[in-house]
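K.L.:
My file is model_17.txt. It has compact mmCIF, N, CA and C atoms:
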```
# COMPACT_ATOMS: atom_id res chain seq x y z
N MET A 1 -62.32 -44.95 58.49
CA MET A 1 -61.13 -44.12 58.60
C MET A 1 -59.91 -45.02 58.78
N LYS A 2 -58.89 -44.78 57.98
CA LYS A 2 -57.68 -45.61 58.03
C LYS A 2 -56.80 -45.19 59.20
N MET A 3 -56.30 -46.19 59.92
CA MET A 3 -55.40 -45.93 61.05
C MET A 3 -54.01 -45.59 60.51
N THR A 4 -53.39 -44.59 61.10
CA THR A 4 -52.03 -44.23 60.73
C THR A 4 -51.08 -45.22 61.38
N THR A 5 -50.16 -45.75 60.61
CA THR A 5 -49.17 -46.68 61.15
C THR A 5 -47.77 -46.18 60.80
N VAL A 6 -46.83 -46.56 61.65
CA VAL A 6 -45.41 -46.28 61.43
C VAL A 6 -44.65 -47.56 61.71
N ASN A 7 -43.43 -47.63 61.24
CA ASN A 7 -42.59 -48.78 61.54
C ASN A 7 -41.72 -48.45 62.74
N CYS A 8 -41.61 -49.38 63.66
CA CYS A 8 -40.75 -49.21 64.83
C CYS A 8 -39.33 -48.96 64.34
N PRO A 9 -38.68 -47.90 64.81
CA PRO A 9 -37.32 -47.60 64.36
C PRO A 9 -36.30 -48.67 64.72
N THR A 10 -36.61 -49.50 65.71
CA THR A 10 -35.66 -50.51 66.16
C THR A 10 -35.84 -51.83 65.43
N CYS A 11 -37.07 -52.34 65.38
CA CYS A 11 -37.29 -53.68 64.81
C CYS A 11 -38.12 -53.68 63.53
N GLU A 12 -38.61 -52.51 63.12
CA GLU A 12 -39.39 -52.35 61.89
C GLU A 12 -40.81 -52.92 61.97
N LYS A 13 -41.25 -53.38 63.14
CA LYS A 13 -42.62 -53.88 63.29
C LYS A 13 -43.59 -52.72 63.10
N GLU A 14 -44.73 -52.98 62.47
CA GLU A 14 -45.73 -51.94 62.25
C GLU A 14 -46.41 -51.57 63.57
N VAL A 15 -46.53 -50.26 63.82
CA VAL A 15 -47.12 -49.75 65.06
C VAL A 15 -48.25 -48.79 64.69
N ILE A 16 -49.41 -48.96 65.31
CA ILE A 16 -50.52 -48.03 65.10
C ILE A 16 -50.24 -46.76 65.89
N TRP A 17 -50.33 -45.61 65.23
CA TRP A 17 -50.07 -44.33 65.87
C TRP A 17 -51.35 -43.86 66.55
N SER A 18 -51.46 -44.20 67.83
CA SER A 18 -52.64 -43.82 68.61
C SER A 18 -52.29 -43.85 70.09
N PRO A 19 -53.15 -43.27 70.93
CA PRO A 19 -52.90 -43.30 72.37
C PRO A 19 -52.82 -44.72 72.94
N GLU A 20 -53.38 -45.69 72.24
CA GLU A 20 -53.31 -47.08 72.70
C GLU A 20 -51.92 -47.69 72.51
N SER A 21 -51.05 -46.98 71.81
CA SER A 21 -49.66 -47.43 71.61
C SER A 21 -48.75 -46.49 72.41
N PRO A 22 -48.57 -46.76 73.69
CA PRO A 22 -47.88 -45.81 74.57
C PRO A 22 -46.40 -45.59 74.26
N TYR A 23 -45.77 -46.49 73.52
CA TYR A 23 -44.34 -46.35 73.24
C TYR A 23 -44.07 -45.84 71.83
N ARG A 24 -45.13 -45.42 71.12
CA ARG A 24 -44.96 -44.98 69.74
C ARG A 24 -43.88 -43.93 69.63
N PRO A 25 -43.03 -43.95 68.66
CA PRO A 25 -43.07 -44.77 67.46
C PRO A 25 -42.52 -46.18 67.65
N PHE A 26 -42.15 -46.53 68.87
CA PHE A 26 -41.62 -47.87 69.13
C PHE A 26 -42.76 -48.84 69.40
N CYS A 27 -42.52 -50.12 69.15
CA CYS A 27 -43.56 -51.12 69.37
C CYS A 27 -43.63 -51.56 70.83
N SER A 28 -42.55 -51.35 71.58
CA SER A 28 -42.51 -51.84 72.96
C SER A 28 -41.50 -51.04 73.78
N LYS A 29 -41.58 -51.21 75.08
CA LYS A 29 -40.61 -50.58 75.98
C LYS A 29 -39.20 -51.08 75.67
N ARG A 30 -39.09 -52.36 75.33
CA ARG A 30 -37.79 -52.96 75.00
C ARG A 30 -37.14 -52.22 73.83
N CYS A 31 -37.89 -52.02 72.75
CA CYS A 31 -37.33 -51.33 71.58
C CYS A 31 -37.00 -49.87 71.92
N GLN A 32 -37.81 -49.25 72.76
CA GLN A 32 -37.55 -47.88 73.18
C GLN A 32 -36.22 -47.80 73.95
N LEU A 33 -35.98 -48.76 74.85
CA LEU A 33 -34.75 -48.77 75.64
C LEU A 33 -33.52 -49.11 74.80
N ILE A 34 -33.69 -49.98 73.81
CA ILE A 34 -32.58 -50.28 72.89
C ILE A 34 -32.16 -49.00 72.18
N ASP A 35 -33.13 -48.23 71.69
CA ASP A 35 -32.84 -46.97 71.01
C ASP A 35 -32.15 -45.98 71.94
N LEU A 36 -32.65 -45.85 73.16
CA LEU A 36 -32.05 -44.96 74.15
C LEU A 36 -30.59 -45.35 74.42
N GLY A 37 -30.34 -46.65 74.54
CA GLY A 37 -28.98 -47.14 74.75
C GLY A 37 -28.05 -46.80 73.61
N GLU A 38 -28.56 -46.85 72.38
CA GLU A 38 -27.74 -46.50 71.22
C GLU A 38 -27.36 -45.03 71.24
N TRP A 39 -28.28 -44.17 71.68
CA TRP A 39 -27.95 -42.74 71.81
C TRP A 39 -26.93 -42.55 72.93
N ALA A 40 -27.12 -43.24 74.05
CA ALA A 40 -26.20 -43.10 75.19
C ALA A 40 -24.80 -43.58 74.84
N ASP A 41 -24.70 -44.62 74.02
CA ASP A 41 -23.40 -45.15 73.59
C ASP A 41 -22.82 -44.38 72.41
N GLU A 42 -23.51 -43.33 71.99
CA GLU A 42 -23.12 -42.50 70.84
C GLU A 42 -23.04 -43.29 69.54
N LYS A 43 -23.85 -44.36 69.44
CA LYS A 43 -23.97 -45.07 68.17
C LYS A 43 -24.87 -44.27 67.23
N LYS A 44 -25.73 -43.42 67.81
CA LYS A 44 -26.57 -42.51 67.05
C LYS A 44 -26.19 -41.10 67.45
N VAL A 45 -26.08 -40.22 66.48
CA VAL A 45 -25.75 -38.82 66.74
C VAL A 45 -26.53 -37.94 65.77
N ILE A 46 -26.65 -36.68 66.11
CA ILE A 46 -27.23 -35.71 65.21
C ILE A 46 -26.08 -35.06 64.47
N ALA A 47 -26.11 -35.16 63.16
CA ALA A 47 -25.02 -34.63 62.34
C ALA A 47 -24.94 -33.12 62.48
N GLY A 48 -23.74 -32.63 62.49
CA GLY A 48 -23.53 -31.19 62.58
C GLY A 48 -22.09 -30.84 62.29
N ASN A 49 -21.86 -29.59 62.07
CA ASN A 49 -20.52 -29.10 61.78
C ASN A 49 -19.95 -28.51 63.06
N GLU A 50 -18.82 -29.01 63.51
CA GLU A 50 -18.20 -28.51 64.74
C GLU A 50 -17.77 -27.06 64.62
N ASP A 51 -17.59 -26.58 63.40
CA ASP A 51 -17.20 -25.19 63.18
C ASP A 51 -18.41 -24.26 63.13
N ASP A 52 -19.59 -24.79 63.34
CA ASP A 52 -20.81 -24.00 63.34
C ASP A 52 -20.72 -22.91 64.40
N VAL A 53 -21.23 -21.75 64.11
CA VAL A 53 -21.17 -20.61 65.03
C VAL A 53 -21.75 -20.98 66.39
N MET A 54 -22.85 -21.70 66.43
CA MET A 54 -23.49 -22.05 67.69
C MET A 54 -22.62 -23.00 68.51
N SER A 55 -21.77 -23.78 67.86
CA SER A 55 -20.95 -24.73 68.60
C SER A 55 -19.94 -24.03 69.51
N LEU A 56 -19.65 -22.78 69.25
CA LEU A 56 -18.73 -22.03 70.11
C LEU A 56 -19.34 -21.77 71.48
N ASP A 57 -20.66 -21.85 71.57
CA ASP A 57 -21.35 -21.64 72.84
C ASP A 57 -21.32 -22.88 73.72
N LEU A 58 -20.90 -24.02 73.17
CA LEU A 58 -20.92 -25.28 73.91
C LEU A 58 -19.64 -25.47 74.70
N ASP A 59 -19.77 -25.98 75.91
CA ASP A 59 -18.61 -26.32 76.72
C ASP A 59 -18.24 -27.76 76.39
N THR A 60 -17.15 -27.97 75.67
CA THR A 60 -16.77 -29.31 75.23
C THR A 60 -15.75 -29.96 76.14
N LYS A 61 -15.47 -29.36 77.28
CA LYS A 61 -14.47 -29.91 78.21
C LYS A 61 -15.11 -30.84 79.19
```
Could you write out this structure as structure tokens?
P.N.:
Amino acid sequence: MKMTTVNCPTCEKEVIWSPESPYRPFCSKRCQLIDLGEWADEKKVIAGNEDDVMSLDLDTK
């Protein structure tokens, strides 16, 4: 049976997708924290339209 692998989103290293890889899809805690920092610094965002009906429900202040 072939093991499922993915590439780490941070460093592109191949990671086996299994319980033995606790940081999957990341290869390490370091890469996981780098990614988290990029979200916190708003270097990564989820694209969306500010005029979307649901956005009126958000408190932007």
K.L.:
DSSP on the backbone, strand (DSSP E or B) only: what residues of chain A does that give? Format it as a PyMOL selection string.
P.N.:
chain A and resi 5-7+14-16
K.L.:
At a cut-off of 7 Å, using only N, CA and C atoms, what residues contact Glu14 of chain A? Leave out same-chain residues fewer than 4 positions from it and give the result as a tab-separated table (two decimals) with N, CA and C atoms, in the frame of the given file.
P.N.:
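Wrote out_10.tsv, looks like this:
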```tsv
chain	number	residue	atom	x	y	z
A	5	THR	N	-50.16	-45.75	60.61
A	5	THR	CA	-49.17	-46.68	61.15
A	5	THR	C	-47.77	-46.18	60.80
A	6	VAL	N	-46.83	-46.56	61.65
A	6	VAL	CA	-45.41	-46.28	61.43
A	6	VAL	C	-44.65	-47.56	61.71
A	7	ASN	N	-43.43	-47.63	61.24
A	7	ASN	CA	-42.59	-48.78	61.54
A	7	ASN	C	-41.72	-48.45	62.74
A	8	CYS	N	-41.61	-49.38	63.66
A	8	CYS	CA	-40.75	-49.21	64.83
A	8	CYS	C	-39.33	-48.96	64.34
A	27	CYS	N	-42.52	-50.12	69.15
A	27	CYS	CA	-43.56	-51.12	69.37
A	27	CYS	C	-43.63	-51.56	70.83
```
K.L.:
Name the residues in contact with Arg24 of chain A at a cut-off of 12 Å, using only C-alpha atoms, excluding same-chain residues fewer than 2 positions from it; report them as a list of chain:residue names.
P.N.:
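Answer for this query is A:Thr4, A:Thr5, A:Val6, A:Asn7, A:Cys8, A:Pro9, A:Thr10, A:Lys13, A:Glu14, A:Val15, A:Ile16, A:Trp17, A:Ser18, A:Pro19, A:Glu20, A:Ser21, A:Pro22, A:Phe26, A:Cys27, A:Ser28, A:Lys29, A:Arg30, A:Cys31, A:Gln32.
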